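Encoded as structure tokens, the structure appears first; notes follow it.
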Amino acid sequence: MSLDRTALATCYRLLVLDWDGTLADSEATIVNAMQQAVRIAGMPEIPATAIRETIGLSLPAAIRQLYLQAETAQLTQLAQAYSQAWLAVTTAPIPLFADAETTLMQLYESGYLLAVATGKSRRGLDRALRAAGLERVFSGSRTADETASKPHPAMLEELLQEFELPASAALMIGDSEYDVQMAMAAGVDAVGVASGVHSPGRLLECGALACLDSITGLPVWLGSLGTSKRYYANSH
């Protein structure tokens, strides 16, 4: 299905997508890697639920949130241990969610500019893009090691500047509060997806216009603009 280009011209031009939990089914892998890193670094064990809460932040911001009282040297050691553990647990590419690639191609072929804003490192995102074969689909990207971590608006502000677009021409799509908070701070609309770490209610409370079951619902939502400004499109 192709989206109506007339609607496209009067709606969003740039779609900025989060990666982990939005496009990639990586939550369990991230939790596993952090748990291994904690053991390697000799830090106190921490529940998986607490680790899940940090997904979407930069690595330094995530480990600082997990260990508020830790010394800087301990946090540095944990970050190094995480990088080591991540390589150990990702010997095979992390899969995208079902039909995520098809959805991205549909949006790309309909004329949208697509970009990524992620808590991953540049090296990590480039590796993920290569593994998924999606380099040509995305016209831009920002990672947490080359600008401020979410929920700071820098990623979106820099992408808007790069594409010479106003905030009203962009839409942020993500699974976490950090995605929506970043969008709100940048004056950009946001849509949540329920495939990741934070509940639909939390995403809507932060200001998301809608919360979809998954990224595959995005084309239909975009096509429905003008009929409903705020709804929760899921089957729960």
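Chain labels run A, B, ... following the order of the structure tokens; each chain numbers its residues from 1, and ligands are numbered from 1 in the order shown.
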
Region 63-142 of chain A: which residues are strand (DSSP E) by DSSP, as an NGL selection string? :A and (113-118 or 140-142)

Take the residues from that selection and write them out as a PDB file, in the first residue's frame, keeping N, CA and C atoms.
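Once everything was written out, this is again-v7.pdb:
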ATOM      1  N   LEU A 113      11.008  11.367   4.452  1.00  0.00           N
ATOM      2  CA  LEU A 113      12.392  11.316   4.899  1.00  0.00           C
ATOM      3  C   LEU A 113      12.407  10.534   6.203  1.00  0.00           C
ATOM      4  N   LEU A 114      13.292   9.556   6.315  1.00  0.00           N
ATOM      5  CA  LEU A 114      13.385   8.744   7.519  1.00  0.00           C
ATOM      6  C   LEU A 114      14.725   8.980   8.195  1.00  0.00           C
ATOM      7  N   ALA A 115      14.693   9.053   9.522  1.00  0.00           N
ATOM      8  CA  ALA A 115      15.920   9.229  10.297  1.00  0.00           C
ATOM      9  C   ALA A 115      15.819   8.414  11.579  1.00  0.00           C
ATOM     10  N   VAL A 116      16.960   8.188  12.204  1.00  0.00           N
ATOM     11  CA  VAL A 116      17.022   7.460  13.471  1.00  0.00           C
ATOM     12  C   VAL A 116      17.567   8.385  14.547  1.00  0.00           C
ATOM     13  N   ALA A 117      16.967   8.333  15.734  1.00  0.00           N
ATOM     14  CA  ALA A 117      17.499   9.006  16.927  1.00  0.00           C
ATOM     15  C   ALA A 117      17.543   7.942  18.015  1.00  0.00           C
ATOM     16  N   THR A 118      18.727   7.576  18.459  1.00  0.00           N
ATOM     17  CA  THR A 118      18.872   6.404  19.314  1.00  0.00           C
ATOM     18  C   THR A 118      19.862   6.611  20.443  1.00  0.00           C
ATOM     19  N   GLY A 140      19.260  10.250   7.576  1.00  0.00           N
ATOM     20  CA  GLY A 140      20.025  10.871   8.642  1.00  0.00           C
ATOM     21  C   GLY A 140      19.904  10.082   9.922  1.00  0.00           C
ATOM     22  N   SER A 141      20.755  10.375  10.886  1.00  0.00           N
ATOM     23  CA  SER A 141      20.688   9.703  12.186  1.00  0.00           C
ATOM     24  C   SER A 141      21.506  10.481  13.203  1.00  0.00           C
ATOM     25  N   ARG A 142      21.136  10.282  14.461  1.00  0.00           N
ATOM     26  CA  ARG A 142      21.889  10.817  15.584  1.00  0.00           C
ATOM     27  C   ARG A 142      21.979   9.745  16.657  1.00  0.00           C
TER      28      ARG A 142
END

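Around region 97-103 of chain A, within 7 Å and counting only C-alpha atoms, the residues found are Leu23, Ala24, Asp25, Ile215 and Thr216 of chain A, once anything fewer than 5 positions away on its own chain is removed.
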
Take the residues from that selection and write them out as a compact mmCIF listing (two decimals), in the first residue's frame, keeping N, CA, C and O atoms.
# COMPACT_ATOMS: atom_id res chain seq x y z
N LEU A 23 12.07 -0.44 16.51
CA LEU A 23 12.33 -1.21 15.29
C LEU A 23 12.93 -2.58 15.59
O LEU A 23 12.61 -3.56 14.91
N ALA A 24 13.81 -2.64 16.57
CA ALA A 24 14.54 -3.87 16.88
C ALA A 24 14.04 -4.50 18.17
O ALA A 24 13.82 -3.81 19.17
N ASP A 25 13.90 -5.82 18.15
CA ASP A 25 13.43 -6.58 19.31
C ASP A 25 14.62 -6.91 20.21
O ASP A 25 15.05 -8.06 20.33
N ILE A 215 5.27 -0.59 15.24
CA ILE A 215 5.62 0.31 14.15
C ILE A 215 4.78 0.03 12.90
O ILE A 215 4.56 0.93 12.08
N THR A 216 4.26 -1.18 12.77
CA THR A 216 3.49 -1.52 11.58
C THR A 216 2.18 -0.74 11.49
O THR A 216 1.59 -0.66 10.42

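Going from CA of Gln65 (chain A) over to CA of Ser121 (chain A), you cover 17.9 Å.
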
Extract, using only C-alpha atoms, all DNA, RNA and protein residues at most 12 Å from Arg52 (chain A), discarding same-chain residues fewer than 5 positions from it, and format them as a list of chain:residue names. A:Asp20, A:Gly21, A:Ser26, A:Glu27, A:Ala28, A:Thr29, A:Ile30, A:Val31, A:Asn32, A:Ala33, A:Met34, A:Gln35, A:Ile46, A:Pro47, A:Leu57, A:Ala62, A:Ile63, A:Gln65, A:Leu66, A:Asp175, A:Ser176, A:Gly196, A:Val197, A:His198, A:Ser199

Residues of region 101-134 of chain A in helix (DSSP H, G or I), written as a PyMOL selection string: chain A and resi 101-109+122-132

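The residue that comes closest to Ala144 (chain A), out of A:Ala81, A:Leu125, A:Leu222, A:Leu15 and on the basis of only C-alpha atoms, is A:Leu125.
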